[in-house]
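This is final.tsv. It holds TSV, C-alpha atoms and all ligand atoms.
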chain	number	residue	atom	x	y	z
F	1	MET	CA	146.59	106.23	127.53
F	2	SER	CA	146.88	107.80	124.07
F	3	SER	CA	149.39	110.41	123.01
F	4	SER	CA	148.33	113.36	120.85
F	5	GLN	CA	151.75	113.10	119.21
F	6	LYS	CA	151.74	111.06	116.04
F	7	LEU	CA	154.10	108.21	115.19
F	8	VAL	CA	154.74	106.73	111.75
F	9	VAL	CA	156.43	103.34	111.51
F	10	LEU	CA	157.84	102.27	108.12
F	11	GLY	CA	158.90	98.66	107.76
F	12	SER	CA	158.33	95.01	107.09
F	13	ILE	CA	155.50	92.55	107.57
F	14	ASN	CA	156.20	88.81	107.82
F	15	ALA	CA	154.39	85.61	108.54
F	16	ASP	CA	156.66	83.87	111.06
F	17	HIS	CA	156.91	80.08	110.96
F	18	ILE	CA	158.32	79.18	114.37
F	19	LEU	CA	159.64	75.83	115.54
F	20	THR	CA	161.18	75.09	118.94
F	21	LEU	CA	164.13	72.63	118.99
F	22	GLU	CA	166.47	71.34	121.68
F	23	HIS	CA	169.34	72.97	119.76
F	24	PHE	CA	169.85	74.48	116.30
F	25	PRO	CA	170.46	71.80	113.60
F	26	HIS	CA	174.01	71.26	112.35
F	27	PRO	CA	174.55	71.19	108.55
F	28	GLY	CA	173.02	67.99	107.20
F	29	GLN	CA	171.11	67.26	110.43
F	30	THR	CA	167.33	66.85	110.71
F	31	LEU	CA	165.73	67.41	114.11
F	32	THR	CA	162.18	66.95	115.34
F	33	GLY	CA	160.87	70.03	117.09
F	34	HIS	CA	157.73	71.05	118.93
F	35	ASN	CA	155.36	74.02	119.38
F	36	TYR	CA	155.21	74.78	115.64
F	37	GLN	CA	153.21	77.95	115.10
F	38	VAL	CA	152.55	80.53	112.43
F	39	ALA	CA	152.52	83.96	114.05
F	40	PHE	CA	152.35	87.48	112.65
F	41	GLY	CA	155.75	89.16	112.67
F	42	GLY	CA	158.21	91.31	110.75
F	43	LYS	CA	160.27	93.93	112.54
F	44	GLY	CA	158.20	96.83	111.23
F	45	ALA	CA	154.86	95.23	112.06
F	46	ASN	CA	156.05	94.10	115.50
F	47	GLN	CA	157.16	97.63	116.33
F	48	ALA	CA	153.92	99.10	115.00
F	49	VAL	CA	151.92	96.67	117.14
F	50	ALA	CA	154.06	97.40	120.20
F	51	ALA	CA	153.39	101.11	119.71
F	52	GLY	CA	149.66	100.57	119.10
F	53	ARG	CA	149.21	98.36	122.14
F	54	SER	CA	151.28	100.78	124.25
F	55	GLY	CA	148.90	103.60	123.39
F	56	ALA	CA	150.55	105.49	120.51
F	57	ASP	CA	148.69	107.27	117.72
F	58	ILE	CA	150.42	105.26	115.02
F	59	SER	CA	150.27	104.84	111.23
F	60	PHE	CA	152.18	102.09	109.46
F	61	ILE	CA	153.71	102.32	105.96
F	62	ALA	CA	154.31	98.80	104.65
F	63	CYS	CA	153.64	96.28	101.88
F	64	LEU	CA	152.05	92.86	102.08
F	65	GLY	CA	151.19	90.21	99.52
F	66	GLU	CA	147.98	89.40	97.70
F	67	ASP	CA	147.29	86.35	99.86
F	68	ALA	CA	145.06	85.19	102.68
F	69	ILE	CA	147.63	85.67	105.43
F	70	GLY	CA	148.29	89.24	104.26
F	71	ALA	CA	144.59	90.07	104.62
F	72	GLN	CA	144.49	88.49	108.10
F	73	ILE	CA	147.58	90.42	109.21
F	74	LYS	CA	146.08	93.73	108.05
F	75	GLN	CA	142.89	93.01	109.98
F	76	GLN	CA	144.86	92.14	113.11
F	77	LEU	CA	146.95	95.33	112.84
F	78	ALA	CA	143.77	97.40	112.88
F	79	GLN	CA	142.66	95.55	116.03
F	80	ASP	CA	146.01	96.46	117.55
F	81	ARG	CA	145.23	100.19	117.15
F	82	VAL	CA	147.44	100.61	114.07
F	83	ASP	CA	146.20	102.87	111.25
F	84	THR	CA	146.52	100.62	108.18
F	85	HIS	CA	145.58	102.98	105.34
F	86	ALA	CA	149.23	103.24	104.18
F	87	ILE	CA	149.64	99.47	103.93
F	88	GLN	CA	149.71	98.41	100.29
F	89	THR	CA	148.61	95.00	99.02
F	90	VAL	CA	150.99	94.22	96.16
F	91	ALA	CA	149.49	92.24	93.26
F	92	GLN	CA	151.16	88.92	92.45
F	93	GLN	CA	153.47	89.09	95.45
F	94	SER	CA	153.35	86.99	98.56
F	95	THR	CA	153.58	88.35	102.08
F	96	GLY	CA	157.08	88.23	103.59
F	97	VAL	CA	158.01	85.05	105.43
F	98	ALA	CA	160.41	84.36	108.31
F	99	LEU	CA	161.51	80.83	109.22
F	100	ILE	CA	162.50	80.83	112.87
F	101	PHE	CA	164.14	78.18	115.05
F	102	VAL	CA	164.02	78.70	118.81
F	103	ASN	CA	166.39	76.62	120.97
F	104	ALA	CA	166.03	75.35	124.55
F	105	VAL	CA	167.64	78.47	125.99
F	106	ALA	CA	165.22	80.80	124.18
F	107	GLU	CA	167.69	81.97	121.51
F	108	ASN	CA	166.54	82.12	117.90
F	109	CYS	CA	167.91	82.11	114.39
F	110	ILE	CA	165.94	83.49	111.49
F	111	GLY	CA	165.89	83.18	107.68
F	112	ILE	CA	163.77	85.61	105.70
F	113	CYS	CA	162.06	85.75	102.30
F	114	ALA	CA	161.28	89.43	101.72
F	115	GLY	CA	158.29	88.88	99.40
F	116	ALA	CA	156.18	92.05	99.20
F	117	ASN	CA	158.51	93.87	101.63
F	118	ALA	CA	160.92	94.26	98.69
F	119	CYS	CA	158.25	96.35	96.93
F	120	LEU	CA	158.35	99.18	99.46
F	121	SER	CA	159.82	101.54	96.87
F	122	THR	CA	160.93	105.17	97.05
F	123	ASP	CA	157.86	106.01	94.93
F	124	TYR	CA	155.64	104.44	97.54
F	125	VAL	CA	157.40	106.43	100.27
F	126	GLN	CA	156.85	109.64	98.26
F	127	GLN	CA	153.14	108.84	98.00
F	128	HIS	CA	153.04	108.95	101.81
F	129	ALA	CA	155.33	111.94	102.30
F	130	GLU	CA	152.51	114.01	103.84
F	131	LEU	CA	151.79	111.28	106.36
F	132	ILE	CA	155.44	111.33	107.44
F	133	ARG	CA	155.46	115.13	107.61
F	134	SER	CA	152.33	115.10	109.77
F	135	ALA	CA	154.04	112.99	112.46
F	136	GLN	CA	156.28	113.91	115.37
F	137	ALA	CA	158.40	110.73	115.02
F	138	LEU	CA	159.33	108.21	112.33
F	139	LEU	CA	160.49	104.75	113.44
F	140	LEU	CA	162.52	102.70	110.92
F	141	GLN	CA	164.24	99.30	110.78
F	142	LEU	CA	166.22	97.58	107.98
F	143	GLU	CA	163.99	94.83	106.53
F	144	THR	CA	162.77	96.93	103.58
F	145	PRO	CA	164.82	98.47	100.72
F	146	LEU	CA	167.53	100.80	102.04
F	147	GLU	CA	166.92	103.54	99.45
F	148	SER	CA	163.31	103.84	100.66
F	149	ILE	CA	164.41	104.03	104.28
F	150	ILE	CA	166.78	106.86	103.36
F	151	ALA	CA	164.02	108.61	101.37
F	152	ALA	CA	161.64	108.43	104.34
F	153	ALA	CA	164.31	109.68	106.76
F	154	LYS	CA	165.05	112.63	104.45
F	155	ILE	CA	161.38	113.62	104.30
F	156	ALA	CA	161.20	113.39	108.09
F	157	GLN	CA	164.33	115.38	108.75
F	158	GLN	CA	163.27	118.19	106.40
F	159	ALA	CA	159.98	118.44	108.31
F	160	ASN	CA	161.63	118.32	111.77
F	161	VAL	CA	160.14	114.91	112.46
F	162	LYS	CA	162.33	112.92	114.86
F	163	VAL	CA	163.98	109.93	113.14
F	164	ILE	CA	164.48	106.79	115.23
F	165	LEU	CA	166.41	103.98	113.55
F	166	ASN	CA	166.44	100.45	114.90
F	167	PRO	CA	169.33	99.17	112.71
F	168	ALA	CA	168.08	95.57	112.56
F	169	PRO	CA	168.99	93.18	111.11
F	170	ALA	CA	172.69	93.99	111.43
F	171	ARG	CA	174.47	95.50	108.45
F	172	GLU	CA	176.81	98.35	107.62
F	173	LEU	CA	175.05	101.61	106.85
F	174	PRO	CA	175.93	104.62	104.70
F	175	GLU	CA	176.82	107.87	106.50
F	176	GLU	CA	174.04	109.43	104.40
F	177	LEU	CA	171.47	107.56	106.50
F	178	LEU	CA	173.23	107.90	109.85
F	179	ARG	CA	173.37	111.69	109.40
F	180	LEU	CA	169.56	111.76	109.27
F	181	VAL	CA	169.06	109.83	112.51
F	182	ASP	CA	168.21	111.43	115.88
F	183	ILE	CA	168.01	108.24	117.96
F	184	ILE	CA	169.58	104.87	117.14
F	185	THR	CA	168.76	101.63	118.95
F	186	PRO	CA	171.16	98.80	117.99
F	187	ASN	CA	171.61	95.57	119.92
F	188	GLU	CA	175.16	94.35	120.60
F	189	THR	CA	175.50	92.63	117.19
F	190	GLU	CA	174.19	95.64	115.31
F	191	ALA	CA	176.43	97.97	117.34
F	192	LEU	CA	179.41	95.85	116.25
F	193	SER	CA	178.44	96.15	112.55
F	194	LEU	CA	178.09	99.91	112.84
F	195	THR	CA	181.06	100.74	115.07
F	196	GLY	CA	183.51	97.80	115.06
F	197	VAL	CA	183.24	97.69	118.87
F	198	ILE	CA	182.46	94.31	120.47
F	199	VAL	CA	179.94	95.12	123.20
F	200	HIS	CA	180.33	92.84	126.25
F	201	ASP	CA	179.92	95.32	129.06
F	202	GLU	CA	179.03	98.89	129.92
F	203	LYS	CA	182.49	100.21	129.06
F	204	ASP	CA	182.23	98.70	125.54
F	205	ALA	CA	178.71	100.09	125.18
F	206	ALA	CA	179.98	103.56	126.09
F	207	GLU	CA	182.72	103.21	123.46
F	208	ALA	CA	180.25	102.07	120.76
F	209	ALA	CA	177.92	104.92	121.71
F	210	TYR	CA	180.80	107.37	121.40
F	211	VAL	CA	181.43	106.19	117.80
F	212	LEU	CA	177.75	106.63	116.94
F	213	HIS	CA	177.66	110.09	118.56
F	214	SER	CA	180.68	111.04	116.44
F	215	LYS	CA	178.52	110.36	113.35
F	216	GLY	CA	176.10	113.04	114.55
F	217	ILE	CA	173.52	110.88	116.35
F	218	LYS	CA	172.42	112.58	119.58
F	219	THR	CA	170.82	109.68	121.41
F	220	VAL	CA	172.17	106.12	121.37
F	221	VAL	CA	170.31	103.26	123.02
F	222	ILE	CA	172.19	99.94	122.91
F	223	THR	CA	169.91	97.07	123.88
F	224	MET	CA	171.78	94.42	125.89
F	225	GLY	CA	169.24	91.65	126.40
F	226	SER	CA	168.24	90.89	129.99
F	227	ARG	CA	170.83	93.38	131.32
F	228	GLY	CA	168.76	96.26	129.97
F	229	VAL	CA	169.91	99.11	127.73
F	230	TRP	CA	172.84	101.49	127.59
F	231	LEU	CA	171.33	104.95	127.18
F	232	SER	CA	173.73	107.63	125.99
F	233	GLU	CA	172.55	111.19	125.42
F	234	ASN	CA	175.11	113.57	123.93
F	235	GLY	CA	177.90	111.40	125.35
F	236	GLN	CA	176.45	111.02	128.87
F	237	GLY	CA	175.77	107.30	129.31
F	238	GLN	CA	174.07	105.08	131.89
F	239	LEU	CA	172.74	101.54	132.15
F	240	VAL	CA	168.96	101.35	132.42
F	241	ALA	CA	168.61	97.95	134.08
F	242	GLY	CA	166.35	95.24	132.69
F	243	PHE	CA	163.84	93.14	134.65
F	244	LYS	CA	164.33	89.59	135.84
F	245	VAL	CA	161.88	87.23	134.08
F	246	LYS	CA	161.90	83.65	132.81
F	247	ALA	CA	162.39	83.83	129.03
F	248	VAL	CA	160.40	81.55	126.71
F	249	ASP	CA	161.64	83.11	123.47
F	250	THR	CA	163.15	86.46	122.61
F	251	ILE	CA	161.43	86.90	119.22
F	252	ALA	CA	160.32	90.55	118.93
F	253	ALA	CA	161.80	91.52	122.30
F	254	GLY	CA	163.83	94.28	120.63
F	255	ASP	CA	160.83	95.29	118.50
F	256	THR	CA	158.65	95.52	121.59
F	257	PHE	CA	161.27	97.69	123.29
F	258	ASN	CA	161.42	100.02	120.29
F	259	GLY	CA	157.66	100.44	119.88
F	260	ALA	CA	157.07	101.02	123.60
F	261	PHE	CA	160.15	103.26	124.04
F	262	VAL	CA	159.12	105.61	121.22
F	263	THR	CA	155.52	105.68	122.46
F	264	ALA	CA	156.71	106.77	125.89
F	265	LEU	CA	158.98	109.44	124.39
F	266	LEU	CA	156.04	110.85	122.43
F	267	GLU	CA	154.07	111.06	125.68
F	268	GLY	CA	156.78	113.40	126.97
F	269	LYS	CA	158.63	110.94	129.20
F	270	THR	CA	162.38	111.46	129.59
F	271	ALA	CA	164.60	109.07	127.63
F	272	LEU	CA	165.44	107.37	130.94
F	273	ASP	CA	161.79	106.76	131.86
F	274	ALA	CA	160.97	105.77	128.28
F	275	ALA	CA	163.81	103.21	128.33
F	276	ARG	CA	162.51	101.78	131.62
F	277	PHE	CA	159.03	101.56	130.08
F	278	GLY	CA	160.49	99.84	126.99
F	279	ASN	CA	162.44	97.42	129.19
F	280	ALA	CA	159.24	96.46	131.01
F	281	ALA	CA	157.37	95.86	127.74
F	282	ALA	CA	160.26	93.73	126.39
F	283	ALA	CA	160.48	91.76	129.66
F	284	ILE	CA	156.82	90.78	129.34
F	285	ALA	CA	157.30	89.87	125.66
F	286	VAL	CA	160.10	87.37	126.36
F	287	THR	CA	157.87	85.43	128.78
F	288	ARG	CA	155.53	84.62	125.85
F	289	SER	CA	156.12	82.84	122.57
F	290	GLY	CA	156.00	84.34	119.08
F	291	GLY	CA	156.39	87.84	117.65
F	292	GLN	CA	153.18	89.85	117.81
F	293	PRO	CA	151.38	87.38	120.11
F	294	SER	CA	153.97	88.22	122.78
F	295	VAL	CA	153.62	92.02	122.62
F	296	PRO	CA	151.92	93.41	125.76
F	297	TRP	CA	149.12	96.00	126.02
F	298	ARG	CA	149.55	99.25	127.97
F	299	GLU	CA	147.64	98.04	131.02
F	300	GLU	CA	149.96	95.03	131.29
F	301	ILE	CA	153.09	97.19	131.09
F	302	ASP	CA	151.81	99.62	133.73
F	303	ALA	CA	150.80	96.75	136.03
F	304	PHE	CA	154.22	95.10	135.52
F	305	LEU	CA	156.05	98.33	136.36
F	306	ASN	CA	153.98	98.68	139.53
F	307	THR	CA	154.90	95.23	140.77
F	308	GLN	CA	158.45	94.57	139.53
F	309	THR	CA	161.77	95.85	140.75
F	310	ALA	CA	164.74	96.45	138.46
F	311	LEU	CA	167.64	93.92	138.53
X	401	LIG	O1	162.50	90.87	115.23
X	401	LIG	C1	161.75	89.69	115.09
X	401	LIG	C2	161.25	89.57	113.69
X	401	LIG	O2	162.35	89.39	112.84
X	401	LIG	C3	160.37	88.36	113.47
X	401	LIG	O3	159.02	88.62	113.71
X	401	LIG	C4	160.67	88.01	112.02
X	401	LIG	O4	159.62	88.25	111.15
X	401	LIG	C5	161.89	88.83	111.65
X	401	LIG	O5	161.56	89.86	110.84
Rewrite the coordinates I just gave you, this time as structure tokens.
Amino acid sequence: MSSSQKLVVLGSINADHILTLEHFPHPGQTLTGHNYQVAFGGKGANQAVAAGRSGADISFIACLGEDAIGAQIKQQLAQDRVDTHAIQTVAQQSTGVALIFVNAVAENCIGICAGANACLSTDYVQQHAELIRSAQALLLQLETPLESIIAAAKIAQQANVKVILNPAPARELPEELLRLVDIITPNETEALSLTGVIVHDEKDAAEAAYVLHSKGIKTVVITMGSRGVWLSENGQGQLVAGFKVKAVDTIAAGDTFNGAFVTALLEGKTALDAARFGNAAAAIAVTRSGGQPSVPWREEIDAFLNTQTAL
């Protein structure tokens, strides 16, 4: 299924170096791990791939390095139905890198070297202003320079393009950016950074959503891992339950949710149905290892939804 509505994703590209360990190393400790792999990742690229594989008409604004892995990633993005003409290869820069440990209970911790992602400048955003204006939705995360994210959101808002912000990784954000956002999709940690509310349960999620609504954001989607998402539209909140699966690793689970959720919205689904669709895509992703290798195609999500029941 392909939507006639256009999506632009602006964000990062990383090469993920992933190692599975029994537990995360303590300071000074060396551990032997297993399942070492280099997989294509980066929050922006993962979300672009999730949208492409879900059936969106999607263009990706991003920067990668002048290296072999950058060229391979660009080729793979095109195979994942992502329009790559707004991806810039930056001379004398290397592609972003993420070093990722996964523990025995499928949690991860990540260290990042931005590399070429740091070169996604406001000038580069301006060069692609028409692309942003031509879309119905712009999906952003926080692994590229903040001033460029704000510049892109401004262009979108002035052209009535819906702005969806996945505020990951967690950090405080200026009101200037939050004012430009139509839909925000933090996880519990990111919700804490933005609102000061510790999200353990639905009541906390409703409180965090209330704070984000008070900043002018109409739709708040707080992702809560296997429990699903708290969807709050103009202050009316509900839990959209997740699906029961056996997790291998959760790398790119949130990214998969975001890409699939926005794709479904652009197809005209309600936020509730889009969240259920995103939950299904994320549930499949956590049963597989790696970032982009774990992202499901549309047929897989539809088949999953036909066979699974919500928790
Ligand atoms: O959200 C997962 C992503 O975060 C990984 O692919 C890694 O590159 C980091 O950006």
Sorted per-residue table, chain F near ligand LIG 401 (chain X), closest atoms and distance, 10 Å, all atoms listed in the file, as CSV:
residue,atom,partner,partner_atom,distance
F:Gly11,CA,X:LIG401,O5,9.7
F:Ser12,CA,X:LIG401,O5,7.1
F:Ile13,CA,X:LIG401,O4,6.9
F:Asn14,CA,X:LIG401,O4,4.8
F:Ala15,CA,X:LIG401,O4,6.4
F:Asp16,CA,X:LIG401,O4,5.3
F:His17,CA,X:LIG401,O4,8.6
F:Ile18,CA,X:LIG401,C4,9.4
F:Ala39,CA,X:LIG401,O3,8.0
F:Phe40,CA,X:LIG401,O3,6.8
F:Gly41,CA,X:LIG401,O3,3.5
F:Gly42,CA,X:LIG401,O4,3.4
F:Lys43,CA,X:LIG401,O5,4.6
F:Gly44,CA,X:LIG401,O5,7.7
F:Ala45,CA,X:LIG401,O3,8.0
F:Asn46,CA,X:LIG401,O3,6.5
F:Gln47,CA,X:LIG401,O1,8.7
F:Gly96,CA,X:LIG401,O4,8.0
F:Val97,CA,X:LIG401,O4,6.7
F:Ala98,CA,X:LIG401,O4,4.9
F:Leu99,CA,X:LIG401,C4,7.8
F:Ile100,CA,X:LIG401,C4,7.5
F:Asn108,CA,X:LIG401,C1,9.4
F:Cys109,CA,X:LIG401,O2,9.3
F:Ile110,CA,X:LIG401,C5,6.7
F:Gly111,CA,X:LIG401,C5,8.0
F:Ile112,CA,X:LIG401,C5,7.0
F:Cys113,CA,X:LIG401,O5,9.5
F:Ala114,CA,X:LIG401,O5,9.1
F:Gln141,CA,X:LIG401,O1,9.7
F:Leu142,CA,X:LIG401,O5,9.5
F:Glu143,CA,X:LIG401,O5,7.0
F:Ala168,CA,X:LIG401,O1,7.8
F:Pro169,CA,X:LIG401,O2,7.8
F:Thr250,CA,X:LIG401,C1,8.3
F:Ile251,CA,X:LIG401,C1,5.0
F:Ala252,CA,X:LIG401,C1,4.2
F:Ala253,CA,X:LIG401,O1,7.1
F:Gly254,CA,X:LIG401,O1,6.5
F:Asp255,CA,X:LIG401,O1,5.7
F:Thr256,CA,X:LIG401,O1,8.8
F:Gly290,CA,X:LIG401,O3,7.5
F:Gly291,CA,X:LIG401,O3,4.8
F:Gln292,CA,X:LIG401,O3,7.2
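Proximity to Val105 in chain F was assessed for F:Leu165, F:Cys119, F:Ile69, F:Leu21 counting all atoms listed in the file; the smallest distance is recorded for F:Leu21.
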re CA of Gly115 in chain F and CA of Gln88 in chain F: distance 12.9 Å
Could you work out how far CA of Ser289 in chain F lies from CA of Val8 in chain F, giving the answer in Å with one decimal?
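According to the coordinates, CA of Val8 in chain F and CA of Ser289 in chain F are separated by 26.3 Å.
Between Leu7 in chain F and the candidates F:Gly28, F:Gly259, F:Gly278, F:Gly225, the tightest atom-to-atom separation, counting all atoms listed in the file, involves F:Gly259.
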Within 10 Å of Leu146 in chain F, counting all atoms listed in the file, which residues show up once you throw out same-chain ones fewer than 4 positions away? Write them as a ChimeraX atom specification, please.
/F:118,120-122,141-142,150-152,173-174,177
Find the residues near range 208-219 of chain F: any atom within 10 Å, counting all atoms listed in the file, skip ones fewer than 4 places away on the same chain, and give them as a PyMOL selection string.
chain F and resi 164+175+178-186+188+191-192+194-199+202-204+230-237+271
Pick out the closest residue to Asp83 in chain F from this set: F:Ala106, F:Val49, F:Leu31, F:Leu138. Count all atoms listed in the file.
F:Val49
Considering only C-alpha atoms, return as a VMD selection string whatever protein or nucleic-acid residues lie within 12 Å of Ala282 in chain F, sequence-local ones (same chain, fewer than 5 positions apart) excluded.
chain F and resid 46 to 47 50 54 223 to 229 242 to 245 247 249 to 261 275 to 277 287 to 288 291 to 292 294 to 297 300 to 301 304 to 305
Size and centre in Å, one decimal, axis-aligned box, all listed range 12-16 of chain F atoms plus 6 Å per side, as JSON:
{"center_x": 156.4, "center_y": 89.4, "center_z": 109.1, "size_x": 15.9, "size_y": 23.1, "size_z": 16.0}
When distances are computed from all atoms listed in the file, which of F:Glu190, F:Leu10, F:Ala137, F:Glu130 shows the smallest separation from Asn117 in chain F?
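Selected residue with least distance to Asn117 in chain F: F:Leu10.
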State, in Å with one decimal place, the distance from CA of Asn187 in chain F to CA of His128 in chain F.
29.2 Å
Among listed residues F:Arg298, F:Lys162, F:His200, F:His26, nearest Leu265 in chain F (using all atoms listed in the file):
F:Lys162
